[in-house]
Each structure stands twice: as structure tokens, then as C-alpha cells.
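Data from protein33.csv: CSV, N, CA and C atoms
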```csv
chain,number,residue,atom,x,y,z
A,186,MET,N,-81.4,25.0,41.9
A,186,MET,CA,-80.7,26.2,41.9
A,186,MET,C,-80.8,26.9,40.6
A,187,LEU,N,-81.1,28.2,40.6
A,187,LEU,CA,-81.3,29.0,39.4
A,187,LEU,C,-79.9,29.7,39.1
A,188,VAL,N,-79.6,29.8,37.8
A,188,VAL,CA,-78.5,30.6,37.4
A,188,VAL,C,-78.8,31.4,36.2
A,189,ARG,N,-78.0,32.4,36.0
A,189,ARG,CA,-78.1,33.3,34.8
A,189,ARG,C,-76.8,33.3,34.1
A,190,LEU,N,-76.8,33.1,32.8
A,190,LEU,CA,-75.7,33.1,31.9
A,190,LEU,C,-75.8,34.1,30.8
A,191,LEU,N,-74.8,34.8,30.6
A,191,LEU,CA,-74.8,35.9,29.5
A,191,LEU,C,-73.6,35.6,28.6
A,192,TYR,N,-73.9,35.5,27.3
A,192,TYR,CA,-72.9,35.2,26.3
A,192,TYR,C,-73.1,36.1,25.1
A,193,ALA,N,-72.0,36.1,24.3
A,193,ALA,CA,-72.0,36.8,23.0
A,193,ALA,C,-71.6,35.8,22.0
A,194,SER,N,-72.1,36.0,20.7
A,194,SER,CA,-71.6,35.2,19.6
A,194,SER,C,-71.8,35.9,18.3
A,195,ARG,N,-71.2,35.5,17.3
A,195,ARG,CA,-71.4,36.0,16.0
A,195,ARG,C,-72.1,35.0,15.1
A,196,ALA,N,-73.1,35.5,14.3
A,196,ALA,CA,-73.8,34.6,13.4
A,196,ALA,C,-73.0,34.2,12.2
A,197,THR,N,-73.0,33.0,11.9
A,197,THR,CA,-72.3,32.5,10.7
A,197,THR,C,-73.2,32.8,9.4
A,198,ASP,N,-74.5,32.9,9.6
A,198,ASP,CA,-75.4,33.2,8.5
A,198,ASP,C,-76.4,34.3,9.0
A,199,THR,N,-76.3,35.4,8.4
A,199,THR,CA,-77.1,36.5,9.0
A,199,THR,C,-78.5,36.7,8.2
A,200,SER,N,-78.9,35.7,7.5
A,200,SER,CA,-80.1,35.8,6.7
A,200,SER,C,-81.3,35.9,7.7
A,201,PRO,N,-82.3,36.6,7.4
A,201,PRO,CA,-83.5,36.7,8.3
A,201,PRO,C,-84.1,35.3,8.6
A,202,ALA,N,-84.1,34.4,7.7
A,202,ALA,CA,-84.6,33.1,7.9
A,202,ALA,C,-83.8,32.3,8.9
A,203,THR,N,-82.5,32.4,8.9
A,203,THR,CA,-81.7,31.7,9.9
A,203,THR,C,-81.9,32.3,11.3
A,204,ILE,N,-81.9,33.6,11.4
A,204,ILE,CA,-82.1,34.3,12.7
A,204,ILE,C,-83.5,33.9,13.2
A,205,GLU,N,-84.5,33.9,12.4
A,205,GLU,CA,-85.9,33.4,12.8
A,205,GLU,C,-85.9,32.0,13.3
A,206,ALA,N,-85.1,31.1,12.6
A,206,ALA,CA,-85.0,29.7,12.9
A,206,ALA,C,-84.4,29.5,14.3
A,207,ILE,N,-83.3,30.3,14.6
A,207,ILE,CA,-82.7,30.3,15.9
A,207,ILE,C,-83.7,30.6,17.0
A,208,LEU,N,-84.4,31.7,16.7
A,208,LEU,CA,-85.4,32.1,17.7
A,208,LEU,C,-86.5,31.1,17.9
A,209,ALA,N,-87.0,30.6,16.9
A,209,ALA,CA,-88.1,29.6,17.0
A,209,ALA,C,-87.6,28.3,17.7
A,210,GLN,N,-86.4,27.9,17.4
A,210,GLN,CA,-85.8,26.7,18.1
A,210,GLN,C,-85.6,27.0,19.5
A,211,ALA,N,-85.1,28.2,19.9
A,211,ALA,CA,-84.9,28.6,21.3
A,211,ALA,C,-86.2,28.5,22.0
A,212,ARG,N,-87.2,29.1,21.5
A,212,ARG,CA,-88.5,29.2,22.2
A,212,ARG,C,-89.1,27.8,22.4
A,213,ALA,N,-89.0,26.9,21.4
A,213,ALA,CA,-89.5,25.6,21.5
A,213,ALA,C,-88.8,24.8,22.6
A,214,HIS,N,-87.5,24.9,22.5
A,214,HIS,CA,-86.6,24.1,23.5
A,214,HIS,C,-86.8,24.7,24.9
A,215,ASN,N,-86.7,26.0,25.0
A,215,ASN,CA,-86.7,26.6,26.4
A,215,ASN,C,-87.9,26.4,27.2
A,216,THR,N,-89.1,26.4,26.5
A,216,THR,CA,-90.4,26.2,27.3
A,216,THR,C,-90.4,24.9,28.0
A,217,GLY,N,-90.0,23.9,27.4
A,217,GLY,CA,-90.0,22.6,28.0
A,217,GLY,C,-88.9,22.3,29.0
A,218,ASN,N,-87.9,23.2,29.0
A,218,ASN,CA,-86.7,23.0,29.9
A,218,ASN,C,-86.6,24.1,31.0
A,219,GLY,N,-87.7,24.9,31.2
A,219,GLY,CA,-87.7,25.8,32.2
A,219,GLY,C,-86.7,27.0,32.0
A,220,ILE,N,-86.3,27.3,30.8
A,220,ILE,CA,-85.4,28.3,30.5
A,220,ILE,C,-86.1,29.6,30.0
A,221,THR,N,-85.7,30.7,30.6
A,221,THR,CA,-86.2,32.0,30.1
A,221,THR,C,-85.0,32.8,29.7
A,222,GLY,N,-85.3,33.9,29.0
A,222,GLY,CA,-84.2,34.8,28.6
A,222,GLY,C,-84.5,35.9,27.6
A,223,ILE,N,-83.5,36.5,27.1
A,223,ILE,CA,-83.7,37.6,26.2
A,223,ILE,C,-82.5,37.5,25.2
A,224,LEU,N,-82.8,37.8,23.9
A,224,LEU,CA,-81.8,37.7,22.9
A,224,LEU,C,-81.8,39.0,22.1
A,225,CYS,N,-80.6,39.6,22.0
A,225,CYS,CA,-80.4,40.8,21.2
A,225,CYS,C,-79.6,40.4,20.0
A,226,TYR,N,-80.0,40.9,18.9
A,226,TYR,CA,-79.3,40.6,17.6
A,226,TYR,C,-79.1,41.9,16.8
A,227,GLY,N,-77.9,42.2,16.4
A,227,GLY,CA,-77.7,43.3,15.6
A,227,GLY,C,-76.3,43.2,14.9
A,228,ALA,N,-76.2,43.6,13.6
A,228,ALA,CA,-75.0,43.6,12.9
A,228,ALA,C,-74.2,42.3,13.0
A,229,GLY,N,-74.9,41.2,13.0
A,229,GLY,CA,-74.3,39.9,13.0
A,229,GLY,C,-73.9,39.4,14.3
A,230,THR,N,-74.2,40.1,15.4
A,230,THR,CA,-73.8,39.8,16.8
A,230,THR,C,-75.0,39.4,17.6
A,231,PHE,N,-74.9,38.3,18.4
A,231,PHE,CA,-75.9,37.9,19.4
A,231,PHE,C,-75.4,38.3,20.7
A,232,LEU,N,-76.3,38.8,21.6
A,232,LEU,CA,-76.1,39.0,23.0
A,232,LEU,C,-77.3,38.3,23.7
A,233,GLN,N,-77.1,37.3,24.5
A,233,GLN,CA,-78.2,36.5,25.0
A,233,GLN,C,-77.9,36.3,26.5
A,234,ALA,N,-79.0,36.5,27.3
A,234,ALA,CA,-79.1,36.1,28.7
A,234,ALA,C,-80.0,34.9,28.8
A,235,ILE,N,-79.6,33.8,29.4
A,235,ILE,CA,-80.5,32.7,29.7
A,235,ILE,C,-80.5,32.4,31.1
A,236,GLU,N,-81.7,32.0,31.6
A,236,GLU,CA,-81.9,31.7,33.1
A,236,GLU,C,-82.6,30.4,33.2
A,237,GLY,N,-82.3,29.7,34.3
A,237,GLY,CA,-83.0,28.5,34.6
A,237,GLY,C,-82.2,27.7,35.5
A,238,GLY,N,-82.5,26.4,35.6
A,238,GLY,CA,-81.7,25.5,36.5
A,238,GLY,C,-80.3,25.3,35.9
A,239,ARG,N,-79.4,25.1,36.9
A,239,ARG,CA,-78.0,25.1,36.5
A,239,ARG,C,-77.7,24.1,35.4
A,240,MET,N,-78.2,22.9,35.5
A,240,MET,CA,-77.9,21.9,34.5
A,240,MET,C,-78.5,22.2,33.1
A,241,ALA,N,-79.7,22.7,33.1
A,241,ALA,CA,-80.4,23.1,31.9
A,241,ALA,C,-79.7,24.2,31.2
A,242,VAL,N,-79.3,25.2,31.9
A,242,VAL,CA,-78.6,26.4,31.3
A,242,VAL,C,-77.2,25.9,30.8
A,243,ASN,N,-76.5,25.2,31.6
A,243,ASN,CA,-75.1,24.7,31.2
A,243,ASN,C,-75.2,23.8,30.0
A,244,ASP,N,-76.2,22.9,29.9
A,244,ASP,CA,-76.4,22.1,28.7
A,244,ASP,C,-76.7,22.9,27.5
A,245,LEU,N,-77.6,23.9,27.6
A,245,LEU,CA,-77.9,24.8,26.5
A,245,LEU,C,-76.7,25.6,26.0
A,246,TYR,N,-75.9,26.1,27.0
A,246,TYR,CA,-74.7,26.9,26.6
A,246,TYR,C,-73.8,26.0,25.8
A,247,GLY,N,-73.6,24.7,26.2
A,247,GLY,CA,-72.8,23.8,25.5
A,247,GLY,C,-73.3,23.5,24.1
A,248,HIS,N,-74.6,23.4,24.0
A,248,HIS,CA,-75.2,23.3,22.6
A,248,HIS,C,-74.9,24.5,21.8
A,249,ILE,N,-75.0,25.7,22.3
A,249,ILE,CA,-74.8,26.9,21.5
A,249,ILE,C,-73.3,26.9,21.1
A,250,GLN,N,-72.4,26.5,22.0
A,250,GLN,CA,-71.0,26.5,21.6
A,250,GLN,C,-70.7,25.6,20.4
A,251,ARG,N,-71.5,24.5,20.3
A,251,ARG,CA,-71.3,23.5,19.2
A,251,ARG,C,-72.1,23.8,18.0
A,252,ASP,N,-73.0,24.8,18.1
A,252,ASP,CA,-74.0,25.1,17.0
A,252,ASP,C,-73.2,25.8,15.9
A,253,ALA,N,-73.3,25.3,14.7
A,253,ALA,CA,-72.5,25.8,13.6
A,253,ALA,C,-73.0,27.2,13.1
A,254,ARG,N,-74.2,27.6,13.6
A,254,ARG,CA,-74.8,28.9,13.3
A,254,ARG,C,-74.1,30.0,14.1
A,255,HIS,N,-73.4,29.6,15.2
A,255,HIS,CA,-72.7,30.6,16.0
A,255,HIS,C,-71.2,30.4,15.9
A,256,LYS,N,-70.4,31.5,16.0
A,256,LYS,CA,-69.0,31.5,16.1
A,256,LYS,C,-68.6,32.5,17.1
A,257,ASP,N,-67.3,32.4,17.5
A,257,ASP,CA,-66.8,33.4,18.5
A,257,ASP,C,-67.6,33.5,19.8
A,258,VAL,N,-68.1,32.3,20.3
A,258,VAL,CA,-69.0,32.3,21.4
A,258,VAL,C,-68.1,32.6,22.7
A,259,VAL,N,-68.5,33.6,23.4
A,259,VAL,CA,-67.8,34.1,24.6
A,259,VAL,C,-68.7,34.2,25.8
A,260,LEU,N,-68.3,33.6,26.9
A,260,LEU,CA,-69.1,33.7,28.2
A,260,LEU,C,-68.7,35.1,28.8
A,261,LEU,N,-69.8,35.9,29.0
A,261,LEU,CA,-69.6,37.2,29.5
A,261,LEU,C,-69.9,37.3,31.0
A,262,HIS,N,-70.8,36.5,31.5
A,262,HIS,CA,-71.2,36.6,32.9
A,262,HIS,C,-72.0,35.3,33.3
A,263,TYR,N,-71.7,34.8,34.5
A,263,TYR,CA,-72.4,33.6,35.0
A,263,TYR,C,-72.6,33.8,36.5
A,264,GLU,N,-73.8,33.6,37.0
A,264,GLU,CA,-74.1,33.8,38.4
A,264,GLU,C,-75.2,33.0,38.9
A,265,GLU,N,-75.2,32.6,40.1
A,265,GLU,CA,-76.3,32.0,40.8
A,265,GLU,C,-77.3,33.1,41.1
A,266,ILE,N,-78.6,32.9,41.0
A,266,ILE,CA,-79.6,33.9,41.2
A,266,ILE,C,-80.7,33.5,42.2
A,267,MET,N,-81.3,34.4,42.8
A,267,MET,CA,-82.4,34.2,43.7
A,267,MET,C,-83.7,34.1,42.9
A,268,GLU,N,-83.8,35.0,41.9
A,268,GLU,CA,-85.0,35.0,41.1
A,268,GLU,C,-84.6,35.4,39.7
A,269,ARG,N,-85.5,35.1,38.8
A,269,ARG,CA,-85.3,35.5,37.3
A,269,ARG,C,-85.6,36.9,37.1
A,270,ARG,N,-84.8,37.5,36.2
A,270,ARG,CA,-85.1,38.9,35.7
A,270,ARG,C,-85.9,38.8,34.4
A,271,PHE,N,-85.8,37.7,33.7
A,271,PHE,CA,-86.4,37.6,32.4
A,271,PHE,C,-87.4,36.5,32.4
A,272,GLY,N,-88.1,36.3,33.5
A,272,GLY,CA,-89.0,35.2,33.7
A,272,GLY,C,-90.2,35.3,32.8
A,273,GLY,N,-90.6,36.4,32.3
A,273,GLY,CA,-91.8,36.5,31.4
A,273,GLY,C,-91.5,36.2,30.0
A,274,TRP,N,-90.3,35.8,29.7
A,274,TRP,CA,-90.0,35.6,28.3
A,274,TRP,C,-89.4,34.2,28.1
A,275,THR,N,-90.0,33.4,27.1
A,275,THR,CA,-89.3,32.1,26.8
A,275,THR,C,-88.1,32.4,26.0
A,276,MET,N,-88.1,33.5,25.2
A,276,MET,CA,-87.0,34.1,24.6
A,276,MET,C,-87.4,35.4,23.9
A,277,GLY,N,-87.3,36.5,24.7
A,277,GLY,CA,-87.6,37.8,24.2
A,277,GLY,C,-86.6,38.2,23.2
A,278,GLN,N,-87.0,39.0,22.2
A,278,GLN,CA,-86.1,39.5,21.2
A,278,GLN,C,-86.1,41.0,21.1
A,279,VAL,N,-85.0,41.6,20.9
A,279,VAL,CA,-84.8,43.0,20.8
A,279,VAL,C,-84.5,43.3,19.3
A,280,ASN,N,-85.2,44.2,18.7
A,280,ASN,CA,-84.9,44.6,17.3
A,280,ASN,C,-84.0,45.9,17.5
A,281,LEU,N,-82.7,45.7,17.3
A,281,LEU,CA,-81.8,46.8,17.5
A,281,LEU,C,-81.9,47.9,16.4
A,282,GLY,N,-82.5,47.5,15.3
A,282,GLY,CA,-82.7,48.4,14.2
A,282,GLY,C,-83.7,49.5,14.6
A,283,LYS,N,-84.6,49.2,15.5
A,283,LYS,CA,-85.6,50.2,15.9
A,283,LYS,C,-85.3,50.9,17.2
A,284,LEU,N,-84.1,50.6,17.8
A,284,LEU,CA,-83.7,51.1,19.1
A,284,LEU,C,-83.0,52.5,18.9
A,285,ASN,N,-83.3,53.4,19.8
A,285,ASN,CA,-82.7,54.7,19.8
A,285,ASN,C,-81.2,54.6,20.1
A,286,ALA,N,-80.4,55.2,19.2
A,286,ALA,CA,-78.9,55.0,19.3
A,286,ALA,C,-78.4,55.5,20.7
A,287,SER,N,-79.1,56.5,21.3
A,287,SER,CA,-78.6,57.0,22.6
A,287,SER,C,-78.7,55.9,23.7
A,288,THR,N,-79.5,54.9,23.5
A,288,THR,CA,-79.6,53.8,24.5
A,288,THR,C,-78.3,53.0,24.4
A,289,LEU,N,-77.9,52.7,23.2
A,289,LEU,CA,-76.6,51.9,23.0
A,289,LEU,C,-75.4,52.8,23.4
A,290,LEU,N,-75.4,54.1,23.1
A,290,LEU,CA,-74.3,54.9,23.5
A,290,LEU,C,-74.1,55.1,25.0
A,291,LYS,N,-75.2,54.9,25.7
A,291,LYS,CA,-75.2,55.0,27.2
A,291,LYS,C,-74.2,53.9,27.7
A,292,TYR,N,-74.1,52.8,27.0
A,292,TYR,CA,-73.4,51.6,27.5
A,292,TYR,C,-72.1,51.3,26.7
A,293,SER,N,-71.8,52.0,25.6
A,293,SER,CA,-70.6,51.7,24.9
A,293,SER,C,-70.1,52.9,24.1
A,294,GLU,N,-69.0,52.7,23.5
A,294,GLU,CA,-68.3,53.8,22.8
A,294,GLU,C,-69.1,54.2,21.5
A,295,LYS,N,-69.7,53.3,20.9
A,295,LYS,CA,-70.4,53.5,19.6
A,295,LYS,C,-71.8,53.0,19.7
A,296,ALA,N,-72.7,53.5,18.8
A,296,ALA,CA,-74.1,53.2,18.9
A,296,ALA,C,-74.4,51.9,18.1
A,297,THR,N,-73.5,50.9,18.4
A,297,THR,CA,-73.7,49.5,17.9
A,297,THR,C,-73.6,48.5,19.0
A,298,LEU,N,-74.2,47.4,18.8
A,298,LEU,CA,-74.1,46.3,19.8
A,298,LEU,C,-72.7,45.6,19.6
A,299,ASP,N,-71.9,45.8,20.6
A,299,ASP,CA,-70.6,45.1,20.6
A,299,ASP,C,-70.3,44.6,22.0
A,300,PRO,N,-70.9,43.5,22.4
A,300,PRO,CA,-70.6,43.0,23.8
A,300,PRO,C,-69.2,42.5,24.0
A,301,TYR,N,-68.4,42.3,22.9
A,301,TYR,CA,-67.0,42.0,23.0
A,301,TYR,C,-66.2,43.1,23.6
A,302,ALA,N,-66.7,44.3,23.4
A,302,ALA,CA,-65.9,45.5,23.8
A,302,ALA,C,-66.3,46.1,25.2
A,303,VAL,N,-67.3,45.4,25.9
A,303,VAL,CA,-67.7,45.9,27.2
A,303,VAL,C,-67.8,44.7,28.2
A,304,SER,N,-67.9,45.0,29.4
A,304,SER,CA,-68.0,44.0,30.4
A,304,SER,C,-69.3,43.2,30.4
A,305,GLY,N,-69.3,42.1,31.0
A,305,GLY,CA,-70.6,41.4,31.1
A,305,GLY,C,-71.6,42.1,31.9
A,306,LYS,N,-71.2,42.8,32.9
A,306,LYS,CA,-72.1,43.6,33.8
A,306,LYS,C,-72.7,44.7,33.0
A,307,VAL,N,-71.9,45.4,32.1
A,307,VAL,CA,-72.5,46.4,31.2
A,307,VAL,C,-73.5,45.9,30.3
A,308,SER,N,-73.2,44.7,29.7
A,308,SER,CA,-74.1,44.1,28.8
A,308,SER,C,-75.4,43.7,29.5
A,309,LEU,N,-75.3,43.2,30.7
A,309,LEU,CA,-76.5,42.9,31.5
A,309,LEU,C,-77.3,44.1,31.8
A,310,ALA,N,-76.7,45.2,32.1
A,310,ALA,CA,-77.4,46.5,32.4
A,310,ALA,C,-78.1,47.0,31.1
A,311,LEU,N,-77.5,46.8,30.0
A,311,LEU,CA,-78.2,47.1,28.7
A,311,LEU,C,-79.4,46.3,28.6
A,312,LEU,N,-79.4,45.0,28.8
A,312,LEU,CA,-80.5,44.1,28.6
A,312,LEU,C,-81.6,44.5,29.6
A,313,GLU,N,-81.2,44.9,30.8
A,313,GLU,CA,-82.2,45.3,31.8
A,313,GLU,C,-82.9,46.6,31.4
A,314,GLU,N,-82.2,47.5,30.8
A,314,GLU,CA,-82.8,48.8,30.4
A,314,GLU,C,-83.7,48.5,29.2
A,315,LEU,N,-83.3,47.6,28.3
A,315,LEU,CA,-84.2,47.3,27.2
A,315,LEU,C,-85.5,46.6,27.7
A,316,MET,N,-85.4,45.8,28.7
A,316,MET,CA,-86.6,45.2,29.3
A,316,MET,C,-87.5,46.3,29.9
A,317,ALA,N,-86.9,47.2,30.7
A,317,ALA,CA,-87.6,48.2,31.4
A,317,ALA,C,-88.3,49.2,30.4
A,318,THR,N,-87.7,49.4,29.3
A,318,THR,CA,-88.3,50.4,28.3
A,318,THR,C,-89.1,49.7,27.3
A,319,ALA,N,-89.5,48.4,27.5
A,319,ALA,CA,-90.4,47.7,26.6
A,319,ALA,C,-89.8,47.6,25.2
A,320,ALA,N,-88.5,47.5,25.0
A,320,ALA,CA,-87.9,47.4,23.7
A,320,ALA,C,-87.9,45.9,23.2
A,321,ILE,N,-88.4,45.0,24.1
A,321,ILE,CA,-88.4,43.6,23.8
A,321,ILE,C,-89.7,43.1,23.2
A,322,VAL,N,-89.6,42.2,22.2
A,322,VAL,CA,-90.8,41.6,21.6
A,322,VAL,C,-90.7,40.1,21.9
A,323,GLY,N,-91.9,39.5,21.9
A,323,GLY,CA,-91.9,38.0,22.1
A,323,GLY,C,-92.2,37.6,23.5
A,324,ARG,N,-92.8,38.4,24.3
A,324,ARG,CA,-93.1,38.0,25.7
A,324,ARG,C,-94.1,36.8,25.6
A,325,SER,N,-93.8,35.8,26.5
A,325,SER,CA,-94.6,34.6,26.5
A,325,SER,C,-95.9,34.9,27.3
```
Is it possible to give me this structure as C-alpha cells?
Amino acid sequence: MLVRLLYASRATDTSPATIEAILAQARAHNTGNGITGILCYGAGTFLQAIEGGRMAVNDLYGHIQRDARHKDVVLLHYEEIMERRFGGWTMGQVNLGKLNASTLLKYSEKATLDPYAVSGKVSLALLEELMATAAIVGRS
């Protein structure tokens, strides 16, 4: 059974080296565990969708909750799915610094990534738009 999980967290260390280490670790782990997804990062905040088998996704989310590099981890959305939306990415990355502010304003009050201030469905819609507009890097 496939599931999709969407969560938000805040980085405890916002250095580029730490963010790159998180991405590299995600890509290495996810490939071997059948997990796909997308990661947005901006202003110290992560928004991530992960897809895969129920146990693999749940185990990964538990690991993220215990990871000292993340704090304020919040589950935004969880659902059983028929097919993956982010199947082409082991862990796609969005550079929010290069994103048109109007895209973020379409989904929130301010032109900043704040998944804590919107619903999980709104955050998922933002990720889908970013995917459709090719704002994602790191396709596998």
C-alpha cells in the first residue's frame, strides 16, 4: 500500500553544509527504500512530501521526528494513494530563493514559505504547482 505524508519542520542548523547533508542522506536512504518525494527549504523551514510503502514512510517520519537537525516537526497531511505524484524524484529540491514571489502569494498571506500558517492541502497544492512549473531540481 502506497501512502503520502506531508510535514513541516524547522532547521536547527541553517548552514548550507547541513542542508546539503540532509538532502544527500535523504537521497541515499530513499532510493533503497522505495521512497520518493520533494523537499522545499526556505528561511529555516522545511516542507517535505514523502511517498512510498506505508511502513517505509512511517519509519522515515519517525526518524525525522528524532533527528536533532529538525525541530517543531508537524504532520500536515497523510493519505493512502493510488499512485505517486513525485515518483520521478528520489528527493527533489526547490530553491525558494529563485522562486517568483507571486507563486508563494497564491497560497499564503506572505511571499514566504510558512506551512505552519496554511493547511496541509494548501501546502500540497503549492508543491504540485512547483512540480508542474519545473521549479524543482534533483530529478532522479
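When CA of Asp244 (chain A) is paired with atom N of Ala211 (chain A), their separation reads 13.8 Å.
Minimum atom-to-atom distances from A:Leu190, A:Val307, A:Thr221, A:Tyr263 to Ser293 (chain A) were compared using only C-alpha atoms, and the lowest value belongs to A:Val307.
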Inset, instruction - Would you kindly return, as a ChimeraX atom specification, each protein, DNA or RNA residue with an atom no farther than 8 Å from any atom of region 295-302 of chain A, considering only N, CA and C atoms and excluding same-chain residues fewer than 3 positions away? - result: /A:192-194,226-228,230-232,261,281,285-292,305,307-308
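Note that the spacing between atom N of Lys306 (chain A) and CA of Pro201 (chain A) amounts to 28.2 Å.
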Inset, instruction - Could you tell me how far CA of Glu205 (chain A) lies from CA of Val303 (chain A), in Å and to one decimal? - result: 26.4 Å
Legend entry - For Arg254 (chain A): contacts at 7 Å, only C-alpha atoms, fewer than 3 positions along chain excluded, given as JSON, numbers by chain: {"A": [196, 197, 198]}
Inset, instruction - With a distance cut-off of 8 Å and only C-alpha atoms, select the neighbouring residues of Glu265 (chain A), excluding the residue or stretch itself and same-chain residues fewer than 6 positions from it, and output the selection as a count of residues only. - result: 4
Legend entry - All strand (DSSP E or B) positions in region 189-264 of chain A, as a ChimeraX atom specification: /A:189-196,221-227,230-238,255-264
Legend entry - DSSP-assigned alpha helix (DSSP H) members of chain A, reported as a PyMOL selection string: chain A and resi 201-218+239-251+286-292+305-317
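Near Leu191 (chain A), within a cut-off of 6 Å and counting only C-alpha atoms, sit the residues Gln233, Ala234, Leu261 and His262 of chain A, with same-chain residues fewer than 3 positions away left out.
Comparing A:Glu294, A:Gln250, A:Ile235, A:Gly222 by their smallest distance to Phe271 (chain A), the closest is A:Gly222 (using all atoms listed in the file).
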